[in-house]
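Asker: File follows, work_2.txt with compact mmCIF, N, CA and C atoms and all ligand atoms:
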# COMPACT_ATOMS: atom_id res chain seq x y z
N MET A 1 8.25 -24.74 13.84
CA MET A 1 7.38 -25.06 14.99
C MET A 1 7.06 -26.55 14.99
N THR A 2 7.58 -27.28 15.94
CA THR A 2 7.45 -28.73 15.91
C THR A 2 6.04 -29.20 16.20
N ASP A 3 5.25 -28.41 16.94
CA ASP A 3 3.90 -28.86 17.27
C ASP A 3 2.83 -28.24 16.38
N CYS A 4 3.24 -27.69 15.27
CA CYS A 4 2.29 -27.04 14.35
C CYS A 4 1.84 -28.03 13.27
N LEU A 5 0.52 -28.18 13.15
CA LEU A 5 -0.05 -29.12 12.18
C LEU A 5 0.43 -28.82 10.75
N PHE A 6 0.38 -27.56 10.36
CA PHE A 6 0.73 -27.25 8.96
C PHE A 6 2.25 -27.33 8.74
N CYS A 7 3.05 -27.06 9.76
CA CYS A 7 4.50 -27.32 9.62
C CYS A 7 4.74 -28.81 9.44
N LYS A 8 3.95 -29.64 10.13
CA LYS A 8 4.09 -31.09 9.97
C LYS A 8 3.68 -31.53 8.58
N ILE A 9 2.65 -30.91 8.01
CA ILE A 9 2.28 -31.21 6.62
C ILE A 9 3.41 -30.77 5.69
N ARG A 10 3.98 -29.60 5.93
CA ARG A 10 5.11 -29.13 5.12
C ARG A 10 6.27 -30.12 5.18
N GLU A 11 6.51 -30.68 6.36
CA GLU A 11 7.62 -31.63 6.54
C GLU A 11 7.25 -33.05 6.15
N ARG A 12 6.02 -33.25 5.66
CA ARG A 12 5.51 -34.58 5.25
C ARG A 12 5.44 -35.55 6.44
N GLU A 13 5.31 -34.98 7.64
CA GLU A 13 5.09 -35.83 8.82
C GLU A 13 3.63 -36.23 8.93
N ILE A 14 2.74 -35.41 8.32
CA ILE A 14 1.31 -35.70 8.23
C ILE A 14 0.96 -35.64 6.75
N PRO A 15 0.22 -36.63 6.25
CA PRO A 15 -0.10 -36.62 4.81
C PRO A 15 -1.12 -35.54 4.46
N ALA A 16 -1.02 -35.06 3.24
CA ALA A 16 -2.00 -34.09 2.72
C ALA A 16 -2.04 -34.25 1.20
N ASP A 17 -3.16 -33.85 0.63
CA ASP A 17 -3.34 -33.92 -0.82
C ASP A 17 -2.84 -32.60 -1.41
N ILE A 18 -1.57 -32.58 -1.76
CA ILE A 18 -0.90 -31.34 -2.16
C ILE A 18 -1.23 -31.01 -3.62
N VAL A 19 -1.63 -29.77 -3.85
CA VAL A 19 -2.00 -29.34 -5.21
C VAL A 19 -1.01 -28.34 -5.79
N PHE A 20 -0.16 -27.76 -4.96
CA PHE A 20 0.84 -26.80 -5.45
C PHE A 20 1.97 -26.72 -4.44
N GLU A 21 3.19 -26.62 -4.95
CA GLU A 21 4.34 -26.41 -4.07
C GLU A 21 5.44 -25.70 -4.83
N ASP A 22 6.07 -24.73 -4.18
CA ASP A 22 7.33 -24.19 -4.66
C ASP A 22 8.21 -23.93 -3.44
N ASP A 23 9.26 -23.12 -3.59
CA ASP A 23 10.20 -22.93 -2.48
C ASP A 23 9.56 -22.24 -1.27
N ASP A 24 8.52 -21.45 -1.52
CA ASP A 24 7.97 -20.59 -0.47
C ASP A 24 6.59 -20.97 0.01
N VAL A 25 5.85 -21.66 -0.82
CA VAL A 25 4.41 -21.85 -0.60
C VAL A 25 4.03 -23.31 -0.80
N LEU A 26 3.06 -23.75 -0.01
CA LEU A 26 2.48 -25.09 -0.16
C LEU A 26 0.95 -24.92 -0.17
N ALA A 27 0.28 -25.71 -1.00
CA ALA A 27 -1.19 -25.68 -1.03
C ALA A 27 -1.70 -27.10 -1.09
N PHE A 28 -2.76 -27.35 -0.33
CA PHE A 28 -3.31 -28.71 -0.22
C PHE A 28 -4.80 -28.64 0.04
N ASN A 29 -5.50 -29.72 -0.31
CA ASN A 29 -6.94 -29.75 -0.10
C ASN A 29 -7.27 -29.75 1.39
N ASP A 30 -8.30 -28.98 1.75
CA ASP A 30 -8.78 -28.98 3.13
C ASP A 30 -9.40 -30.35 3.44
N VAL A 31 -9.09 -30.89 4.60
CA VAL A 31 -9.57 -32.22 4.97
C VAL A 31 -11.08 -32.20 5.25
N ASN A 32 -11.64 -31.04 5.51
CA ASN A 32 -13.07 -30.90 5.82
C ASN A 32 -13.67 -29.83 4.90
N SER A 33 -13.81 -30.20 3.62
CA SER A 33 -14.20 -29.25 2.58
C SER A 33 -15.52 -28.56 2.87
N GLN A 34 -15.52 -27.25 2.69
CA GLN A 34 -16.75 -26.45 2.83
C GLN A 34 -17.31 -26.04 1.48
N ALA A 35 -16.73 -26.56 0.40
CA ALA A 35 -17.17 -26.25 -0.96
C ALA A 35 -16.57 -27.33 -1.85
N PRO A 36 -17.09 -27.47 -3.09
CA PRO A 36 -16.53 -28.49 -3.98
C PRO A 36 -15.01 -28.36 -4.16
N ILE A 37 -14.52 -27.12 -4.18
CA ILE A 37 -13.07 -26.88 -4.15
C ILE A 37 -12.77 -26.10 -2.88
N HIS A 38 -11.90 -26.65 -2.04
CA HIS A 38 -11.50 -25.97 -0.80
C HIS A 38 -10.03 -26.31 -0.57
N ILE A 39 -9.21 -25.35 -0.88
CA ILE A 39 -7.76 -25.52 -0.84
C ILE A 39 -7.18 -24.55 0.18
N LEU A 40 -6.20 -25.00 0.94
CA LEU A 40 -5.48 -24.15 1.90
C LEU A 40 -4.12 -23.80 1.32
N ILE A 41 -3.80 -22.52 1.32
CA ILE A 41 -2.52 -22.03 0.78
C ILE A 41 -1.73 -21.46 1.95
N ILE A 42 -0.54 -22.01 2.18
CA ILE A 42 0.25 -21.59 3.35
C ILE A 42 1.65 -21.15 2.91
N PRO A 43 2.21 -20.17 3.64
CA PRO A 43 3.64 -19.92 3.48
C PRO A 43 4.39 -21.07 4.15
N LYS A 44 5.51 -21.50 3.58
CA LYS A 44 6.28 -22.57 4.23
C LYS A 44 6.84 -22.10 5.57
N GLN A 45 7.17 -20.82 5.65
CA GLN A 45 7.67 -20.31 6.93
C GLN A 45 6.51 -20.20 7.91
N HIS A 46 6.79 -20.51 9.16
CA HIS A 46 5.73 -20.47 10.17
C HIS A 46 5.45 -19.03 10.59
N ILE A 47 4.23 -18.59 10.32
CA ILE A 47 3.69 -17.33 10.85
C ILE A 47 2.36 -17.72 11.48
N SER A 48 2.11 -17.37 12.73
CA SER A 48 0.94 -17.90 13.42
C SER A 48 -0.37 -17.28 12.95
N THR A 49 -0.43 -15.97 12.92
CA THR A 49 -1.68 -15.28 12.56
C THR A 49 -1.35 -14.01 11.78
N VAL A 50 -2.39 -13.37 11.25
CA VAL A 50 -2.18 -12.08 10.57
C VAL A 50 -1.55 -11.08 11.54
N ASN A 51 -1.87 -11.19 12.82
CA ASN A 51 -1.28 -10.27 13.80
C ASN A 51 0.23 -10.39 13.90
N ASP A 52 0.77 -11.51 13.41
CA ASP A 52 2.21 -11.75 13.49
C ASP A 52 2.94 -11.40 12.20
N VAL A 53 2.21 -10.93 11.20
CA VAL A 53 2.83 -10.54 9.93
C VAL A 53 3.57 -9.22 10.13
N ASP A 54 4.84 -9.15 9.72
CA ASP A 54 5.52 -7.87 9.78
C ASP A 54 5.95 -7.44 8.38
N THR A 55 6.56 -6.30 8.30
CA THR A 55 6.84 -5.73 6.97
C THR A 55 7.74 -6.65 6.15
N GLY A 56 8.61 -7.39 6.83
CA GLY A 56 9.49 -8.31 6.11
C GLY A 56 8.74 -9.47 5.46
N ASP A 57 7.51 -9.70 5.90
CA ASP A 57 6.70 -10.79 5.36
C ASP A 57 5.85 -10.36 4.16
N GLU A 58 5.94 -9.09 3.79
CA GLU A 58 5.07 -8.61 2.71
C GLU A 58 5.25 -9.39 1.41
N PRO A 59 6.48 -9.74 1.01
CA PRO A 59 6.61 -10.52 -0.24
C PRO A 59 5.90 -11.87 -0.17
N ILE A 60 6.05 -12.58 0.91
CA ILE A 60 5.41 -13.90 0.99
C ILE A 60 3.88 -13.76 1.11
N MET A 61 3.43 -12.74 1.80
CA MET A 61 1.97 -12.54 1.89
C MET A 61 1.41 -12.21 0.50
N GLY A 62 2.10 -11.40 -0.23
CA GLY A 62 1.66 -11.10 -1.60
C GLY A 62 1.68 -12.34 -2.47
N LYS A 63 2.68 -13.18 -2.24
CA LYS A 63 2.80 -14.39 -3.05
C LYS A 63 1.62 -15.32 -2.85
N LEU A 64 1.03 -15.33 -1.65
CA LEU A 64 -0.15 -16.19 -1.44
C LEU A 64 -1.24 -15.84 -2.45
N PHE A 65 -1.37 -14.55 -2.78
CA PHE A 65 -2.39 -14.16 -3.76
C PHE A 65 -2.02 -14.61 -5.17
N SER A 66 -0.76 -14.49 -5.54
CA SER A 66 -0.40 -14.91 -6.90
C SER A 66 -0.50 -16.42 -7.04
N VAL A 67 -0.21 -17.17 -5.96
CA VAL A 67 -0.39 -18.62 -6.01
C VAL A 67 -1.89 -18.95 -6.07
N ALA A 68 -2.71 -18.21 -5.34
CA ALA A 68 -4.17 -18.43 -5.42
C ALA A 68 -4.63 -18.26 -6.86
N LYS A 69 -4.14 -17.24 -7.51
CA LYS A 69 -4.50 -17.01 -8.92
C LYS A 69 -4.05 -18.16 -9.80
N THR A 70 -2.84 -18.65 -9.60
CA THR A 70 -2.32 -19.78 -10.37
C THR A 70 -3.18 -21.03 -10.15
N ILE A 71 -3.50 -21.30 -8.90
CA ILE A 71 -4.31 -22.48 -8.60
C ILE A 71 -5.71 -22.33 -9.20
N ALA A 72 -6.28 -21.14 -9.11
CA ALA A 72 -7.61 -20.90 -9.69
C ALA A 72 -7.58 -21.19 -11.19
N ASN A 73 -6.52 -20.77 -11.86
CA ASN A 73 -6.39 -21.08 -13.30
C ASN A 73 -6.30 -22.58 -13.51
N GLN A 74 -5.47 -23.24 -12.70
CA GLN A 74 -5.30 -24.69 -12.85
C GLN A 74 -6.62 -25.43 -12.62
N GLN A 75 -7.42 -24.92 -11.69
CA GLN A 75 -8.69 -25.58 -11.34
C GLN A 75 -9.83 -25.17 -12.28
N GLY A 76 -9.58 -24.19 -13.16
CA GLY A 76 -10.60 -23.76 -14.11
C GLY A 76 -11.73 -22.95 -13.49
N ILE A 77 -11.43 -22.22 -12.42
CA ILE A 77 -12.47 -21.49 -11.69
C ILE A 77 -12.29 -19.98 -11.78
N SER A 78 -11.33 -19.53 -12.56
CA SER A 78 -11.02 -18.09 -12.59
C SER A 78 -12.21 -17.26 -13.02
N GLU A 79 -12.91 -17.71 -14.05
CA GLU A 79 -14.02 -16.92 -14.59
C GLU A 79 -15.26 -17.03 -13.71
N ASP A 80 -15.58 -18.22 -13.26
CA ASP A 80 -16.76 -18.39 -12.39
C ASP A 80 -16.59 -17.64 -11.08
N GLY A 81 -15.38 -17.68 -10.54
CA GLY A 81 -15.09 -16.96 -9.31
C GLY A 81 -14.80 -17.88 -8.15
N TYR A 82 -14.20 -17.29 -7.18
CA TYR A 82 -13.78 -18.04 -5.98
C TYR A 82 -13.64 -17.07 -4.83
N ARG A 83 -13.62 -17.61 -3.64
CA ARG A 83 -13.48 -16.78 -2.44
C ARG A 83 -12.17 -17.11 -1.74
N LEU A 84 -11.46 -16.07 -1.30
CA LEU A 84 -10.24 -16.20 -0.51
C LEU A 84 -10.55 -15.69 0.89
N VAL A 85 -10.19 -16.49 1.90
CA VAL A 85 -10.50 -16.16 3.29
C VAL A 85 -9.26 -16.38 4.15
N VAL A 86 -9.00 -15.43 5.03
CA VAL A 86 -7.97 -15.62 6.06
C VAL A 86 -8.61 -15.29 7.40
N ASN A 87 -8.71 -16.26 8.27
CA ASN A 87 -9.26 -16.06 9.61
C ASN A 87 -8.14 -15.71 10.58
N CYS A 88 -8.40 -14.75 11.46
CA CYS A 88 -7.40 -14.35 12.45
C CYS A 88 -7.96 -14.49 13.85
N ASN A 89 -7.43 -15.45 14.57
CA ASN A 89 -7.77 -15.71 15.98
C ASN A 89 -9.19 -16.29 16.15
N GLU A 90 -9.52 -16.61 17.38
CA GLU A 90 -10.66 -17.48 17.66
C GLU A 90 -11.99 -16.94 17.17
N LYS A 91 -12.28 -15.68 17.39
CA LYS A 91 -13.61 -15.18 17.03
C LYS A 91 -13.84 -15.20 15.53
N ALA A 92 -12.78 -15.15 14.76
CA ALA A 92 -12.92 -15.26 13.30
C ALA A 92 -13.01 -16.71 12.86
N GLY A 93 -12.74 -17.63 13.77
CA GLY A 93 -12.83 -19.05 13.43
C GLY A 93 -11.50 -19.70 13.14
N GLN A 94 -10.38 -19.02 13.44
CA GLN A 94 -9.08 -19.66 13.20
C GLN A 94 -8.89 -20.81 14.17
N THR A 95 -8.56 -21.97 13.63
CA THR A 95 -8.33 -23.16 14.46
C THR A 95 -6.93 -23.71 14.32
N VAL A 96 -6.26 -23.38 13.22
CA VAL A 96 -4.87 -23.80 13.02
C VAL A 96 -4.02 -22.54 12.98
N PHE A 97 -3.04 -22.47 13.91
CA PHE A 97 -2.30 -21.23 14.09
C PHE A 97 -0.98 -21.24 13.32
N HIS A 98 -1.13 -21.53 12.04
CA HIS A 98 -0.11 -21.31 11.00
C HIS A 98 -0.90 -20.63 9.90
N ILE A 99 -0.56 -19.40 9.62
CA ILE A 99 -1.39 -18.57 8.74
C ILE A 99 -1.68 -19.30 7.43
N HIS A 100 -2.90 -19.17 6.96
CA HIS A 100 -3.32 -19.86 5.73
C HIS A 100 -4.44 -19.11 5.07
N MET A 101 -4.46 -19.21 3.76
CA MET A 101 -5.52 -18.63 2.94
C MET A 101 -6.40 -19.77 2.45
N HIS A 102 -7.72 -19.66 2.72
CA HIS A 102 -8.67 -20.62 2.17
C HIS A 102 -9.03 -20.18 0.75
N LEU A 103 -9.01 -21.09 -0.19
CA LEU A 103 -9.53 -20.84 -1.53
C LEU A 103 -10.76 -21.74 -1.69
N LEU A 104 -11.92 -21.11 -1.81
CA LEU A 104 -13.19 -21.84 -1.88
C LEU A 104 -13.85 -21.55 -3.21
N ALA A 105 -14.40 -22.60 -3.83
CA ALA A 105 -15.05 -22.41 -5.13
C ALA A 105 -15.92 -23.61 -5.45
N GLY A 106 -16.68 -23.46 -6.54
CA GLY A 106 -17.48 -24.56 -7.03
C GLY A 106 -18.93 -24.49 -6.61
N ARG A 107 -19.29 -23.46 -5.87
CA ARG A 107 -20.69 -23.20 -5.52
C ARG A 107 -20.84 -21.70 -5.31
N ALA A 108 -22.11 -21.25 -5.32
CA ALA A 108 -22.36 -19.84 -5.04
C ALA A 108 -22.07 -19.57 -3.56
N MET A 109 -21.36 -18.49 -3.29
CA MET A 109 -21.03 -18.10 -1.92
C MET A 109 -22.08 -17.09 -1.43
N THR A 110 -22.32 -17.09 -0.15
CA THR A 110 -23.24 -16.12 0.41
C THR A 110 -22.47 -15.05 1.18
N TRP A 111 -23.14 -13.94 1.42
CA TRP A 111 -22.55 -12.84 2.20
C TRP A 111 -23.62 -12.23 3.07
N PRO A 112 -23.39 -11.95 4.33
CA PRO A 112 -22.13 -12.13 5.04
C PRO A 112 -21.87 -13.59 5.38
N PRO A 113 -20.60 -13.95 5.54
CA PRO A 113 -20.27 -15.30 5.98
C PRO A 113 -20.74 -15.50 7.42
N GLY A 114 -20.91 -16.73 7.81
CA GLY A 114 -21.42 -17.01 9.16
C GLY A 114 -20.43 -16.73 10.25
P1 LIG B 1 -9.10 -22.12 10.10
O1 LIG B 1 -10.36 -22.54 10.80
O2 LIG B 1 -7.92 -22.10 11.04
O3 LIG B 1 -9.22 -20.86 9.29
O4 LIG B 1 -8.82 -23.25 9.04
C1 LIG B 1 -8.18 -24.45 9.34
C2 LIG B 1 -8.56 -25.44 8.29
O5 LIG B 1 -7.68 -26.53 8.38
C3 LIG B 1 -9.97 -25.99 8.46
O6 LIG B 1 -10.76 -25.69 7.31
C4 LIG B 1 -9.76 -27.49 8.66
O7 LIG B 1 -10.73 -28.26 8.01
C5 LIG B 1 -8.38 -27.69 8.06
N1 LIG B 1 -7.64 -28.79 8.64
C6 LIG B 1 -7.56 -29.11 9.97
N2 LIG B 1 -6.77 -30.18 10.13
C7 LIG B 1 -6.36 -30.55 8.88
C8 LIG B 1 -5.52 -31.61 8.42
O8 LIG B 1 -4.97 -32.43 9.17
N3 LIG B 1 -5.33 -31.67 7.07
C9 LIG B 1 -5.90 -30.79 6.20
N4 LIG B 1 -5.65 -30.98 4.90
N5 LIG B 1 -6.69 -29.78 6.62
C10 LIG B 1 -6.92 -29.66 7.94
ZN ZN B 2 3.56 -23.92 11.34
Represent the structure from my file as structure tokens, please.
Ligand code: 5GP
Ligand code: ZN
Answerer:
Amino acid sequence: MTDCLFCKIREREIPADIVFEDDDVLAFNDVNSQAPIHILIIPKQHISTVNDVDTGDEPIMGKLFSVAKTIANQQGISEDGYRLVVNCNEKAGQTVFHIHMHLLAGRAMTWPPG
């Protein structure tokens, strides 16, 4: 997707502070942090929203969780805890339509989220 912000980050057309990368997944710091640690984990393949995930995407969707675990270990937050969030469409607060998992940590989280 040529007009997708996160595809442009994947292609290094827009700079980002990358914390993890492999063949399938990219993770980078959120530009507008909502917690001391706020990392976005994306599949390299463009999927717009959770509504667009199909059964063939199950391996990559599962991989987002294993990468979240790896990053949490690297960041030293596994024991304290962290929150993983995926927003789907406008009412949930999705603003970038390339599916992404937020990894938030470094402060106490409240529930319910706003
Ligand atoms: P959403 O609201 O779609 O769930 O999350 C999108 C996230 O992308 C937001 O937390 C926002 O701060 C972040 N974001 C928007 N533009 C950029 C950017 O250019 N670079 C980075 N690193 N994050 C961005
Ligand atoms: Zn994209």
Asker: All residues within 6 Å of ligand ZN 2 (chain B) are required, counting only C-alpha atoms and all ligand atoms; please report them as JSON, numbers by chain.
Answerer: {"A": [1, 4, 6, 7, 46, 98]}
Asker: Could you give me, as a tab-separated table, every chain A residue with an atom at most 10 Å from ligand LIG 1 (chain B), plus its closest atom pair and distance in Å to one decimal, counting only C-alpha atoms and all ligand atoms, rows ordered by chain then number?
Answerer:
residue	atom	partner	partner_atom	distance
A:Leu5	CA	B:LIG1	O8	6.7
A:Phe6	CA	B:LIG1	C8	7.6
A:Lys8	CA	B:LIG1	O8	9.2
A:Ile9	CA	B:LIG1	N3	7.6
A:Ile14	CA	B:LIG1	O8	7.1
A:Pro15	CA	B:LIG1	N3	7.5
A:Ala16	CA	B:LIG1	N4	5.3
A:Asp17	CA	B:LIG1	N4	6.8
A:Ile18	CA	B:LIG1	N4	8.5
A:Ala27	CA	B:LIG1	N4	9.1
A:Phe28	CA	B:LIG1	N4	6.1
A:Asn29	CA	B:LIG1	N4	5.3
A:Asp30	CA	B:LIG1	N4	4.1
A:Val31	CA	B:LIG1	N4	4.1
A:Asn32	CA	B:LIG1	O7	4.2
A:Ser33	CA	B:LIG1	O7	6.5
A:Gln34	CA	B:LIG1	O6	7.5
A:His38	CA	B:LIG1	O6	8.1
A:Ile39	CA	B:LIG1	N4	8.2
A:Leu40	CA	B:LIG1	C2	7.2
A:Thr49	CA	B:LIG1	O2	9.4
A:Val85	CA	B:LIG1	O3	7.7
A:Val86	CA	B:LIG1	O3	6.3
A:Asn87	CA	B:LIG1	O3	4.8
A:Cys88	CA	B:LIG1	O3	7.5
A:Asn89	CA	B:LIG1	O2	8.1
A:Glu90	CA	B:LIG1	O2	8.5
A:Ala92	CA	B:LIG1	O3	7.8
A:Gly93	CA	B:LIG1	O1	5.0
A:Gln94	CA	B:LIG1	O2	3.5
A:Thr95	CA	B:LIG1	O2	3.6
A:Val96	CA	B:LIG1	O2	4.0
A:Phe97	CA	B:LIG1	O2	6.5
A:His98	CA	B:LIG1	O2	7.8
A:Ile99	CA	B:LIG1	O2	7.8
A:His100	CA	B:LIG1	O3	7.0
A:Met101	CA	B:LIG1	O3	7.7
A:His102	CA	B:LIG1	O3	7.1
Asker: I want to know what sits within 12 Å of A:Gly76, based on only C-alpha atoms, with residues of the same chain fewer than 5 positions away left out; could you give that as a VMD selection string?
Answerer: chain A and resid 37 69 to 71 81 to 82 105 to 106
Asker: Grab the residues selected above and save them as a compact mmCIF listing (two decimals), keeping the file's coordinate frame with N, CA and C atoms.
Answerer:
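Contents of the output file result_14.txt:
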# COMPACT_ATOMS: atom_id res chain seq x y z
N ILE A 37 -14.52 -27.12 -4.18
CA ILE A 37 -13.07 -26.88 -4.15
C ILE A 37 -12.77 -26.10 -2.88
N LYS A 69 -4.14 -17.24 -7.51
CA LYS A 69 -4.50 -17.01 -8.92
C LYS A 69 -4.05 -18.16 -9.80
N THR A 70 -2.84 -18.65 -9.60
CA THR A 70 -2.32 -19.78 -10.37
C THR A 70 -3.18 -21.03 -10.15
N ILE A 71 -3.50 -21.30 -8.90
CA ILE A 71 -4.31 -22.48 -8.60
C ILE A 71 -5.71 -22.33 -9.20
N GLY A 81 -15.38 -17.68 -10.54
CA GLY A 81 -15.09 -16.96 -9.31
C GLY A 81 -14.80 -17.88 -8.15
N TYR A 82 -14.20 -17.29 -7.18
CA TYR A 82 -13.78 -18.04 -5.98
C TYR A 82 -13.64 -17.07 -4.83
N ALA A 105 -14.40 -22.60 -3.83
CA ALA A 105 -15.05 -22.41 -5.13
C ALA A 105 -15.92 -23.61 -5.45
N GLY A 106 -16.68 -23.46 -6.54
CA GLY A 106 -17.48 -24.56 -7.03
C GLY A 106 -18.93 -24.49 -6.61
Asker: Hey, what does DSSP flag as alpha helix (DSSP H) within stretch 44-102 of chain A? Can you give it to me as a list of chain:residue names?
Answerer: A:Glu58, A:Pro59, A:Ile60, A:Met61, A:Gly62, A:Lys63, A:Leu64, A:Phe65, A:Ser66, A:Val67, A:Ala68, A:Lys69, A:Thr70, A:Ile71, A:Ala72, A:Asn73, A:Gln74, A:Gln75
Asker: Identify all residues of stretch 44-113 of chain A in strand (DSSP E or B) (DSSP on the backbone) and supply them as an mmCIF file with N, CA and C atoms, keeping the file's coordinate frame.
Answerer:
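Written out: out_16.cif:
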data_model
loop_
_atom_site.group_PDB
_atom_site.id
_atom_site.type_symbol
_atom_site.label_atom_id
_atom_site.label_comp_id
_atom_site.auth_asym_id
_atom_site.auth_seq_id
_atom_site.Cartn_x
_atom_site.Cartn_y
_atom_site.Cartn_z
ATOM 1 N N ARG A 83 -13.620 -17.610 -3.640
ATOM 2 C CA ARG A 83 -13.480 -16.780 -2.440
ATOM 3 C C ARG A 83 -12.170 -17.110 -1.740
ATOM 4 N N LEU A 84 -11.460 -16.070 -1.300
ATOM 5 C CA LEU A 84 -10.240 -16.200 -0.510
ATOM 6 C C LEU A 84 -10.550 -15.690 0.890
ATOM 7 N N VAL A 85 -10.190 -16.490 1.900
ATOM 8 C CA VAL A 85 -10.500 -16.160 3.290
ATOM 9 C C VAL A 85 -9.260 -16.380 4.150
ATOM 10 N N MET A 101 -4.460 -19.210 3.760
ATOM 11 C CA MET A 101 -5.520 -18.630 2.940
ATOM 12 C C MET A 101 -6.400 -19.770 2.450
ATOM 13 N N HIS A 102 -7.720 -19.660 2.720
ATOM 14 C CA HIS A 102 -8.670 -20.620 2.170
ATOM 15 C C HIS A 102 -9.030 -20.180 0.750
ATOM 16 N N LEU A 103 -9.010 -21.090 -0.190
ATOM 17 C CA LEU A 103 -9.530 -20.840 -1.530
ATOM 18 C C LEU A 103 -10.760 -21.740 -1.690
ATOM 19 N N LEU A 104 -11.920 -21.110 -1.810
ATOM 20 C CA LEU A 104 -13.190 -21.840 -1.880
ATOM 21 C C LEU A 104 -13.850 -21.550 -3.210
ATOM 22 N N ALA A 105 -14.400 -22.600 -3.830
ATOM 23 C CA ALA A 105 -15.050 -22.410 -5.130
ATOM 24 C C ALA A 105 -15.920 -23.610 -5.450
#
Asker: Mind giving me the straight-line distance from atom CA of A:Ile41 to atom CA of A:Glu21 in Å, one decimal?
Answerer: 9.5 Å
Asker: Any idea what the distance is between atom N of A:Glu58 and atom C of A:Gly114?
Answerer: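 Between atom N of A:Glu58 and atom C of A:Gly114 the gap is 28.2 Å.
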Asker: Can you take stretch 88-109 of chain A from the block and write C-alpha atoms as a JSON list (two decimals), in the first residue's frame?
Answerer:
[["chain", "number", "residue", "atom", "x", "y", "z"],
["A", 88, "CYS", "CA", -10.26, -1.85, 15.19],
["A", 89, "ASN", "CA", -11.87, 1.01, 13.27],
["A", 90, "GLU", "CA", -12.80, 4.51, 14.35],
["A", 91, "LYS", "CA", -14.87, 3.96, 17.48],
["A", 92, "ALA", "CA", -12.07, 1.91, 19.01],
["A", 93, "GLY", "CA", -9.62, 4.70, 18.22],
["A", 94, "GLN", "CA", -7.82, 3.22, 15.23],
["A", 95, "THR", "CA", -6.11, 6.02, 13.31],
["A", 96, "VAL", "CA", -3.57, 4.11, 11.22],
["A", 97, "PHE", "CA", -5.14, 1.49, 8.98],
["A", 98, "HIS", "CA", -2.28, -0.99, 8.94],
["A", 99, "ILE", "CA", -2.98, -3.45, 11.71],
["A", 100, "HIS", "CA", -0.74, -2.99, 14.75],
["A", 101, "MET", "CA", -0.40, -4.15, 18.31],
["A", 102, "HIS", "CA", 0.38, -1.53, 20.96],
["A", 103, "LEU", "CA", 2.74, -2.71, 23.70],
["A", 104, "LEU", "CA", 2.42, -0.36, 26.68],
["A", 105, "ALA", "CA", 4.37, -0.58, 29.92],
["A", 106, "GLY", "CA", 6.27, 1.28, 32.59],
["A", 107, "ARG", "CA", 3.28, 2.57, 34.56],
["A", 108, "ALA", "CA", 0.19, 1.14, 36.21],
["A", 109, "MET", "CA", -2.62, 0.71, 33.68]]
